[in-house]
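A short write-up of the structure that comes next.
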Amino acid sequence: PQVAILSVDGLRPDALAKADAPNMRGLALRGAYTWAARTVTPSETLPGHASMLSGEDPKVHKITWDWNDFKPEQGYIAVPTVFSVAKAAGLRTIMVVGKKKLQHLAPPGTVDSFVVTERGDADVANEAIVQAGVGFDLLFVHFPDVDYAGHAEGWMSAAYMAKVGEVDAAVGRVLAALPAQTTVILTSDHGGKDRNHGPDVSENMTVPWVVAGPKVLRRGEMTSRVRQADTAATALWALGLSLPGSCAGQVVREPFTAPAP
C-alpha cells in the first residue's frame, strides 16, 4: 500500500464546488468525501497541519496561536506523526511543501526527503512528481497559493477562485503521476472569510475531506463526521499502521466498509 496526503492550504469546500476544479471533484466522485469536515482551533496553517499529520489536538501537540511561523528556536513537533510512525516501520516518507514553516513537522530522522519550494503550486507539483518517481510509501504534498490569494484578495473573490482552478491543474498532474495502488486523501488546513481565517466561524473551520483509492469500497458523500485529526489515523490505517496510544484522531472507516446489499 501507498498513501498520498494532499493539502490545499486555505481551501473552502464551497469554493471547490463552484470553481473550475475537475480533478479534485473527480477525485471525490471516484472515492468518498465530505464537504463538512472540521479543522482545529486555532484555524491556522501550522496548527492545522500539525493536527492533520499527528492526529492530536493543538492542546496536545502544543503548536497553537503563538507558533504559526517558521521559528527555528522552537524546534520540532513533540508528538508522534504519520512520518515518525511510518519511518519506524521501515517505510519511505516524503514531504513536499510550499511553506517553510511546515519543516517544524518533520523532525530529523522521520522524513527521507523533505523538499520546500516557495515558487508556487505549479513548482510544488513538479517537485512532488519527481519525488513520487523516486518511490514512496507515504507522500505529503502541500499547495500554498489558494491561501495566499485569500489573504491578498479575499476568500471567494475572483482571484481566489482562479487560484482554486490553478491548483486543481497542479493536483491533477500529481494524481496522474501516482501509482495506481495509491490511497489519496485530499483536504485542507482551514477555510477563510474576507481576508483572514483565525476566528472560530464556520467559513474558517469547515474544510473538504476526500479519500479515494483501491481500498475505498463505499463511494459518494459520507455521513460520518470527520475531524482534521482523523487524517493521520486514516492514512496510517491504510498503511497497516496506527498512532501510538490514544489520540483525538480516529480512523474514518465508512469509505472502507462495503455497502449493504
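Every chain in the C-alpha cells has a letter given in the order shown (A, B, ...), and although residue numbers restart at 1 in each chain, ligands are simply numbered from 1 in the order shown.
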
Near region 31-54 of chain A, 10 Å: region 121-185 of chain A residue rows, closest pairs, only C-alpha atoms, as CSV:
residue,atom,partner,partner_atom,distance
A:Phe140,CA,A:Leu53,CA,9.2
A:His142,CA,A:His49,CA,9.5
A:Pro144,CA,A:Thr45,CA,9.7
A:Asp147,CA,A:Thr45,CA,9.2
A:Thr183,CA,A:Gly31,CA,9.8
A:Val184,CA,A:Gly31,CA,9.2
A:Ile185,CA,A:Tyr33,CA,9.5

> Which residues come within 10 Å of region 75-84 of chain A, counting only C-alpha atoms, excluding same-chain residues fewer than 6 positions away, as a PyMOL selection string?
Replying inline: chain A and resi 50-56+60-63+90-95+102-112+138-140+231-236+241-244

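Look at region 125-137 of chain A: the protein and nucleic acid residues within 8 Å of it, using only C-alpha atoms and passing over chain neighbours fewer than 2 places away, are Pro1, Gln2, Val3, Leu91, Arg92, Thr93, Ile94, Val96, Val115, Asp121, Ala122, Asp123, Leu139, Val141, Ala170, Val171, Arg173, Val174, Ala177 and Leu178 of chain A.
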
> Looking at A:Met222, A:Ala238, A:Ala152, A:Val252, which one is nearest to Lys193 (chain A), with distances taken over only C-alpha atoms?
Replying inline: A:Ala152

> If you run DSSP on this backbone, which residues of region 89-150 of chain A come out as strand (DSSP E), and could you give them as a PyMOL selection string?
Replying inline: chain A and resi 93-97+113-116+138-143
